[in-house]
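To start, the structure under review is shown below, and the notes come after it.
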Amino acid sequence: MRRPLSQAAELLLLAIDPERGGLLPCDRGRFGRALAVAAGGAPGRLAGWRARRRALGELIELGLARRGRRGPVLADRSAPGVQFRPLREALLNDTLESERDTTLLLLLAYAGLLHDRLGRADRRVAYRRLRGEIPRFGAVAALGLGAADFDFLPEEAYRFDNSGSSTGGA
């Protein structure tokens, strides 16, 4: 069951590398802007830093993370999976009902964190489902983005030959 976290804390939790600590490989600038927007602020370098500090404080208070030398370290390595599993299932089953969850998925995609959490087939489904949602959400509009700004695998990266096997991709 998902824990009740602020959107910024949930975004940070899903960005922490469970094995080594620190952040998963992502575009740090985009991640900071996504955190700032998730926290309800305007996207900016200082706003992202403040949002990260507040989100990390929330995770530490709940016992989900601690401060490490390389960045945040998970206290419970299964916590990101517990938080992400219902989101993934709702996305793949097309049952996303919460605007908050859709916004969180869009911000994960914007920061480059959704790509590694989904398999190839799931990325194709995510691309199709989330692409149409981009114009509807204020958080994404606050970043001034369009569909081309999201770096989860574009549908055009897959080409299929007659044998049914994938001949393209990332």
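Residues in the structure tokens are numbered from 1 in each chain, the chains being A, B, ... in the order shown, and ligands are numbered from 1 in the order shown.
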
Q.
Give me the residues near A:Gly22 as an MDAnalysis selection string, where near means some atom within 10 Å (using only C-alpha atoms) and where sequence neighbours in that chain fewer than 5 positions away do not count.
A. chainID A and resid 15:17 67:74

Write the residues you've just listed into a file as a tab-separated table (two decimals), in the first residue's frame, and include N, CA and C atoms for each of them.
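The resulting again05.tsv:
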chain	number	residue	atom	x	y	z
A	15	ALA	N	13.34	8.65	-7.13
A	15	ALA	CA	14.58	9.02	-7.81
A	15	ALA	C	15.84	8.51	-7.10
A	16	ILE	N	15.70	8.00	-5.88
A	16	ILE	CA	16.87	7.54	-5.12
A	16	ILE	C	17.27	6.15	-5.58
A	17	ASP	N	18.55	5.96	-5.83
A	17	ASP	CA	19.08	4.66	-6.23
A	17	ASP	C	19.04	3.72	-5.02
A	67	ARG	N	20.38	10.79	5.30
A	67	ARG	CA	21.39	11.52	4.54
A	67	ARG	C	22.65	10.66	4.45
A	68	GLY	N	23.25	10.63	3.28
A	68	GLY	CA	24.49	9.91	3.07
A	68	GLY	C	25.53	10.83	2.46
A	69	ARG	N	26.74	10.32	2.31
A	69	ARG	CA	27.80	11.16	1.74
A	69	ARG	C	27.55	11.47	0.27
A	70	ARG	N	26.96	10.54	-0.46
A	70	ARG	CA	26.70	10.73	-1.89
A	70	ARG	C	25.33	11.32	-2.17
A	71	GLY	N	24.55	11.54	-1.14
A	71	GLY	CA	23.19	12.01	-1.32
A	71	GLY	C	22.25	11.17	-0.47
A	72	PRO	N	20.96	11.26	-0.72
A	72	PRO	CA	20.02	10.50	0.11
A	72	PRO	C	20.21	9.00	-0.06
A	73	VAL	N	20.02	8.27	1.03
A	73	VAL	CA	20.13	6.80	1.03
A	73	VAL	C	18.83	6.26	1.58
A	74	LEU	N	18.31	5.22	0.93
A	74	LEU	CA	17.06	4.62	1.38
A	74	LEU	C	17.28	3.82	2.66

Q: Would you mind telling me which residue in A:Ala8, A:Ala75, A:Ala65, A:Leu91 lies nearest to A:Gly48 when using only C-alpha atoms?
A: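 Checking each candidate against A:Gly48, we get A:Ala8 as the closest.
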
Q | Distance in Å - atom CA of A:Arg117 versus atom CA of A:Arg129 | A |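 Atom CA of A:Arg117 sits 16.0 Å away from atom CA of A:Arg129.
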
Would you pick out the contacts of A:Ser78 at 12 Å or less, using only C-alpha atoms, so that residues sharing its chain but fewer than 2 positions from it are not included, and give the list as an mmCIF file with all heavy atoms, in the first residue's frame?
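Final output, part_18.cif:
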data_model
loop_
_atom_site.group_PDB
_atom_site.id
_atom_site.type_symbol
_atom_site.label_atom_id
_atom_site.label_comp_id
_atom_site.auth_asym_id
_atom_site.auth_seq_id
_atom_site.Cartn_x
_atom_site.Cartn_y
_atom_site.Cartn_z
ATOM 1 N N MET A 1 0.837 -1.181 0.000
ATOM 2 C CA MET A 1 0.000 0.000 0.000
ATOM 3 C C MET A 1 0.886 1.249 0.000
ATOM 4 O O MET A 1 1.882 1.314 0.702
ATOM 5 C CB MET A 1 -0.892 -0.006 1.234
ATOM 6 C CG MET A 1 -1.864 1.116 1.249
ATOM 7 S SD MET A 1 -3.017 0.883 2.615
ATOM 8 C CE MET A 1 -3.488 2.541 2.856
ATOM 9 N N ARG A 2 0.506 2.213 -0.812
ATOM 10 C CA ARG A 2 1.282 3.447 -0.919
ATOM 11 C C ARG A 2 1.159 4.271 0.351
ATOM 12 O O ARG A 2 0.105 4.361 0.944
ATOM 13 C CB ARG A 2 0.790 4.266 -2.097
ATOM 14 C CG ARG A 2 1.200 3.664 -3.409
ATOM 15 C CD ARG A 2 0.627 4.388 -4.571
ATOM 16 N NE ARG A 2 1.103 5.766 -4.637
ATOM 17 C CZ ARG A 2 0.636 6.645 -5.490
ATOM 18 N NH1 ARG A 2 -0.296 6.307 -6.335
ATOM 19 N NH2 ARG A 2 1.096 7.863 -5.511
ATOM 20 N N LEU A 13 11.649 10.084 -3.596
ATOM 21 C CA LEU A 13 11.758 8.673 -3.209
ATOM 22 C C LEU A 13 11.967 7.788 -4.437
ATOM 23 O O LEU A 13 12.794 6.874 -4.422
ATOM 24 C CB LEU A 13 10.503 8.233 -2.456
ATOM 25 C CG LEU A 13 10.447 6.770 -2.028
ATOM 26 C CD1 LEU A 13 11.505 6.482 -0.972
ATOM 27 C CD2 LEU A 13 9.071 6.412 -1.507
ATOM 28 N N LEU A 14 11.247 8.064 -5.504
ATOM 29 C CA LEU A 14 11.363 7.265 -6.726
ATOM 30 C C LEU A 14 12.645 7.566 -7.498
ATOM 31 O O LEU A 14 13.009 6.828 -8.402
ATOM 32 C CB LEU A 14 10.144 7.483 -7.617
ATOM 33 C CG LEU A 14 8.823 6.959 -7.033
ATOM 34 C CD1 LEU A 14 7.653 7.381 -7.905
ATOM 35 C CD2 LEU A 14 8.853 5.456 -6.851
ATOM 36 N N ILE A 16 15.704 8.003 -5.877
ATOM 37 C CA ILE A 16 16.872 7.544 -5.120
ATOM 38 C C ILE A 16 17.271 6.153 -5.580
ATOM 39 O O ILE A 16 16.425 5.263 -5.708
ATOM 40 C CB ILE A 16 16.575 7.546 -3.607
ATOM 41 C CG1 ILE A 16 16.273 8.955 -3.122
ATOM 42 C CG2 ILE A 16 17.758 6.971 -2.830
ATOM 43 C CD1 ILE A 16 15.808 9.027 -1.677
ATOM 44 N N ASP A 17 18.554 5.962 -5.829
ATOM 45 C CA ASP A 17 19.083 4.664 -6.229
ATOM 46 C C ASP A 17 19.039 3.721 -5.024
ATOM 47 O O ASP A 17 19.698 3.972 -4.016
ATOM 48 C CB ASP A 17 20.528 4.819 -6.708
ATOM 49 C CG ASP A 17 21.115 3.549 -7.288
ATOM 50 O OD1 ASP A 17 20.585 2.457 -7.000
ATOM 51 O OD2 ASP A 17 22.104 3.649 -8.022
ATOM 52 N N PRO A 18 18.284 2.615 -5.119
ATOM 53 C CA PRO A 18 18.157 1.736 -3.954
ATOM 54 C C PRO A 18 19.445 0.977 -3.615
ATOM 55 O O PRO A 18 19.638 0.579 -2.477
ATOM 56 C CB PRO A 18 17.054 0.757 -4.340
ATOM 57 C CG PRO A 18 16.727 0.995 -5.741
ATOM 58 C CD PRO A 18 17.435 2.214 -6.213
ATOM 59 N N GLU A 19 20.320 0.805 -4.567
ATOM 60 C CA GLU A 19 21.541 0.026 -4.333
ATOM 61 C C GLU A 19 22.655 0.858 -3.704
ATOM 62 O O GLU A 19 23.278 0.441 -2.746
ATOM 63 C CB GLU A 19 22.042 -0.575 -5.653
ATOM 64 C CG GLU A 19 21.053 -1.507 -6.316
ATOM 65 C CD GLU A 19 20.750 -2.725 -5.466
ATOM 66 O OE1 GLU A 19 21.669 -3.258 -4.815
ATOM 67 O OE2 GLU A 19 19.575 -3.132 -5.443
ATOM 68 N N LEU A 64 12.017 6.683 5.874
ATOM 69 C CA LEU A 64 12.215 6.049 4.570
ATOM 70 C C LEU A 64 13.602 6.301 3.995
ATOM 71 O O LEU A 64 14.048 5.569 3.119
ATOM 72 C CB LEU A 64 11.161 6.550 3.577
ATOM 73 C CG LEU A 64 9.720 6.185 3.906
ATOM 74 C CD1 LEU A 64 8.772 6.863 2.939
ATOM 75 C CD2 LEU A 64 9.542 4.684 3.859
ATOM 76 N N ALA A 65 14.269 7.351 4.447
ATOM 77 C CA ALA A 65 15.583 7.704 3.903
ATOM 78 C C ALA A 65 16.432 8.322 5.005
ATOM 79 O O ALA A 65 15.940 8.668 6.076
ATOM 80 C CB ALA A 65 15.434 8.670 2.729
ATOM 81 N N LEU A 74 18.312 5.215 0.934
ATOM 82 C CA LEU A 74 17.059 4.622 1.382
ATOM 83 C C LEU A 74 17.276 3.817 2.657
ATOM 84 O O LEU A 74 18.205 3.022 2.748
ATOM 85 C CB LEU A 74 16.488 3.705 0.300
ATOM 86 C CG LEU A 74 16.001 4.383 -0.967
ATOM 87 C CD1 LEU A 74 15.611 3.347 -1.996
ATOM 88 C CD2 LEU A 74 14.832 5.288 -0.665
ATOM 89 N N ALA A 75 16.394 4.006 3.627
ATOM 90 C CA ALA A 75 16.419 3.191 4.831
ATOM 91 C C ALA A 75 15.694 1.871 4.559
ATOM 92 O O ALA A 75 16.062 0.832 5.088
ATOM 93 C CB ALA A 75 15.760 3.934 5.988
ATOM 94 N N ASP A 76 14.672 1.921 3.733
ATOM 95 C CA ASP A 76 13.910 0.742 3.340
ATOM 96 C C ASP A 76 13.990 0.639 1.823
ATOM 97 O O ASP A 76 13.346 1.401 1.110
ATOM 98 C CB ASP A 76 12.452 0.887 3.802
ATOM 99 C CG ASP A 76 11.576 -0.275 3.365
ATOM 100 O OD1 ASP A 76 12.116 -1.291 2.891
ATOM 101 O OD2 ASP A 76 10.348 -0.154 3.519
ATOM 102 N N PRO A 80 10.542 2.409 -2.705
ATOM 103 C CA PRO A 80 10.181 2.922 -4.043
ATOM 104 C C PRO A 80 9.308 1.946 -4.834
ATOM 105 O O PRO A 80 8.395 2.372 -5.539
ATOM 106 C CB PRO A 80 11.534 3.120 -4.728
ATOM 107 C CG PRO A 80 12.512 3.248 -3.625
ATOM 108 C CD PRO A 80 11.982 2.405 -2.513
ATOM 109 N N GLY A 81 9.580 0.663 -4.712
ATOM 110 C CA GLY A 81 8.758 -0.323 -5.416
ATOM 111 C C GLY A 81 7.328 -0.332 -4.925
ATOM 112 O O GLY A 81 6.385 -0.438 -5.705
ATOM 113 N N VAL A 82 7.164 -0.206 -3.619
ATOM 114 C CA VAL A 82 5.823 -0.165 -3.032
ATOM 115 C C VAL A 82 5.068 1.061 -3.528
ATOM 116 O O VAL A 82 3.875 0.992 -3.817
ATOM 117 C CB VAL A 82 5.914 -0.178 -1.489
ATOM 118 C CG1 VAL A 82 4.568 0.104 -0.854
ATOM 119 C CG2 VAL A 82 6.476 -1.508 -1.011
ATOM 120 N N GLN A 83 5.763 2.191 -3.657
ATOM 121 C CA GLN A 83 5.126 3.414 -4.129
ATOM 122 C C GLN A 83 4.842 3.368 -5.631
ATOM 123 O O GLN A 83 3.824 3.879 -6.084
ATOM 124 C CB GLN A 83 6.012 4.627 -3.840
ATOM 125 C CG GLN A 83 6.154 4.980 -2.381
ATOM 126 C CD GLN A 83 4.876 5.491 -1.770
ATOM 127 O OE1 GLN A 83 4.328 4.836 -0.898
ATOM 128 N NE2 GLN A 83 4.409 6.624 -2.196
ATOM 129 N N PHE A 84 5.746 2.753 -6.409
ATOM 130 C CA PHE A 84 5.616 2.803 -7.864
ATOM 131 C C PHE A 84 4.692 1.725 -8.426
ATOM 132 O O PHE A 84 4.045 1.946 -9.449
ATOM 133 C CB PHE A 84 6.989 2.696 -8.533
ATOM 134 C CG PHE A 84 6.943 2.923 -10.013
ATOM 135 C CD1 PHE A 84 6.670 4.180 -10.521
ATOM 136 C CD2 PHE A 84 7.150 1.883 -10.896
ATOM 137 C CE1 PHE A 84 6.607 4.404 -11.883
ATOM 138 C CE2 PHE A 84 7.093 2.087 -12.259
ATOM 139 C CZ PHE A 84 6.819 3.350 -12.754
ATOM 140 N N ARG A 85 4.632 0.572 -7.791
ATOM 141 C CA ARG A 85 3.849 -0.551 -8.326
ATOM 142 C C ARG A 85 2.401 -0.182 -8.635
ATOM 143 O O ARG A 85 1.910 -0.464 -9.740
ATOM 144 C CB ARG A 85 3.935 -1.735 -7.360
ATOM 145 C CG ARG A 85 3.583 -3.049 -8.005
ATOM 146 C CD ARG A 85 3.940 -4.240 -7.107
ATOM 147 N NE ARG A 85 5.382 -4.312 -6.889
ATOM 148 C CZ ARG A 85 5.972 -4.136 -5.697
ATOM 149 N NH1 ARG A 85 5.259 -3.892 -4.622
ATOM 150 N NH2 ARG A 85 7.276 -4.225 -5.582
#

**Q.** Two-atom distance - atom CA of A:Arg33, atom CA of A:Gly132 (Å)
**A.**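 Distance between the two atoms: 21.6 Å.
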
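Inside stretch 65-106 of chain A, the residues DSSP reads as strand (DSSP E) when given the backbone are Ala65, Arg66, Arg67, Pro72, Val73 and Leu74 of chain A.
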
Could the residues in this selection be saved with all heavy atoms as a PDB file, in the first residue's frame?
ATOM      1  N   ALA A  65      14.269   7.351   4.447  1.00  0.00           N
ATOM      2  CA  ALA A  65      15.583   7.704   3.903  1.00  0.00           C
ATOM      3  C   ALA A  65      16.432   8.322   5.005  1.00  0.00           C
ATOM      4  O   ALA A  65      15.940   8.668   6.076  1.00  0.00           O
ATOM      5  CB  ALA A  65      15.434   8.670   2.729  1.00  0.00           C
ATOM      6  N   ARG A  66      17.711   8.451   4.713  1.00  0.00           N
ATOM      7  CA  ARG A  66      18.643   9.152   5.593  1.00  0.00           C
ATOM      8  C   ARG A  66      19.641   9.879   4.703  1.00  0.00           C
ATOM      9  O   ARG A  66      19.736   9.619   3.514  1.00  0.00           O
ATOM     10  CB  ARG A  66      19.347   8.190   6.539  1.00  0.00           C
ATOM     11  CG  ARG A  66      20.133   7.107   5.853  1.00  0.00           C
ATOM     12  CD  ARG A  66      20.786   6.159   6.863  1.00  0.00           C
ATOM     13  NE  ARG A  66      21.334   5.000   6.214  1.00  0.00           N
ATOM     14  CZ  ARG A  66      22.493   4.968   5.563  1.00  0.00           C
ATOM     15  NH1 ARG A  66      23.223   6.065   5.481  1.00  0.00           N
ATOM     16  NH2 ARG A  66      22.919   3.877   4.983  1.00  0.00           N
ATOM     17  N   ARG A  67      20.380  10.794   5.299  1.00  0.00           N
ATOM     18  CA  ARG A  67      21.391  11.522   4.540  1.00  0.00           C
ATOM     19  C   ARG A  67      22.645  10.659   4.452  1.00  0.00           C
ATOM     20  O   ARG A  67      23.055  10.043   5.419  1.00  0.00           O
ATOM     21  CB  ARG A  67      21.735  12.843   5.221  1.00  0.00           C
ATOM     22  CG  ARG A  67      20.594  13.811   5.239  1.00  0.00           C
ATOM     23  CD  ARG A  67      21.000  15.136   5.859  1.00  0.00           C
ATOM     24  NE  ARG A  67      19.842  15.898   6.268  1.00  0.00           N
ATOM     25  CZ  ARG A  67      19.091  16.627   5.470  1.00  0.00           C
ATOM     26  NH1 ARG A  67      19.379  16.700   4.199  1.00  0.00           N
ATOM     27  NH2 ARG A  67      18.048  17.295   5.919  1.00  0.00           N
ATOM     28  N   PRO A  72      20.963  11.263  -0.717  1.00  0.00           N
ATOM     29  CA  PRO A  72      20.022  10.502   0.106  1.00  0.00           C
ATOM     30  C   PRO A  72      20.212   8.998  -0.064  1.00  0.00           C
ATOM     31  O   PRO A  72      20.539   8.515  -1.140  1.00  0.00           O
ATOM     32  CB  PRO A  72      18.655  10.947  -0.404  1.00  0.00           C
ATOM     33  CG  PRO A  72      18.894  11.569  -1.717  1.00  0.00           C
ATOM     34  CD  PRO A  72      20.302  12.036  -1.751  1.00  0.00           C
ATOM     35  N   VAL A  73      20.018   8.265   1.028  1.00  0.00           N
ATOM     36  CA  VAL A  73      20.132   6.803   1.034  1.00  0.00           C
ATOM     37  C   VAL A  73      18.825   6.258   1.578  1.00  0.00           C
ATOM     38  O   VAL A  73      18.288   6.774   2.564  1.00  0.00           O
ATOM     39  CB  VAL A  73      21.310   6.343   1.928  1.00  0.00           C
ATOM     40  CG1 VAL A  73      21.384   4.836   1.995  1.00  0.00           C
ATOM     41  CG2 VAL A  73      22.615   6.927   1.429  1.00  0.00           C
ATOM     42  N   LEU A  74      18.312   5.215   0.934  1.00  0.00           N
ATOM     43  CA  LEU A  74      17.059   4.622   1.382  1.00  0.00           C
ATOM     44  C   LEU A  74      17.276   3.817   2.657  1.00  0.00           C
ATOM     45  O   LEU A  74      18.205   3.022   2.748  1.00  0.00           O
ATOM     46  CB  LEU A  74      16.488   3.705   0.300  1.00  0.00           C
ATOM     47  CG  LEU A  74      16.001   4.383  -0.967  1.00  0.00           C
ATOM     48  CD1 LEU A  74      15.611   3.347  -1.996  1.00  0.00           C
ATOM     49  CD2 LEU A  74      14.832   5.288  -0.665  1.00  0.00           C
TER      50      LEU A  74
END

Q: Can you pull out every residue within 10 Å of A:Arg30, counting only C-alpha atoms, but drop anything in the same chain fewer than 2 positions away, and send it as an MDAnalysis selection string?
A: chainID A and resid 26:28 32:36 43:45 48 107:112 143

(Q) as a ChimeraX atom specification, please: every residue in stretch 5-153 of chain A that a backbone DSSP assignment puts in helix (DSSP H, G or I). (A) /A:7-15,28-38,45-61,79-92,99-111,115-117,120-131,134-136,138-142,147-149

(Q) Residues within 12 Å of A:Ala38, please, as number ranges by chain. Count only C-alpha atoms; anything in the same chain fewer than 5 positions from it doesn't count. (A) A: 5-12, 31-33, 43, 47-48, 50-52, 54-55, 100-108, 110-111, 137-140, 142-143

Q. Which residue gives the smallest distance to A:Arg128 among A:Ala79, A:Asp94, A:Glu99, A:His115, with only C-alpha atoms counted?
A. A:Asp94

Q) For A:Leu114, which of A:Leu46, A:Gly63, A:Arg53, A:Leu130 is the closest residue, counting only C-alpha atoms? A)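 Counting only C-alpha atoms, the residue closest to A:Leu114 is A:Leu130.
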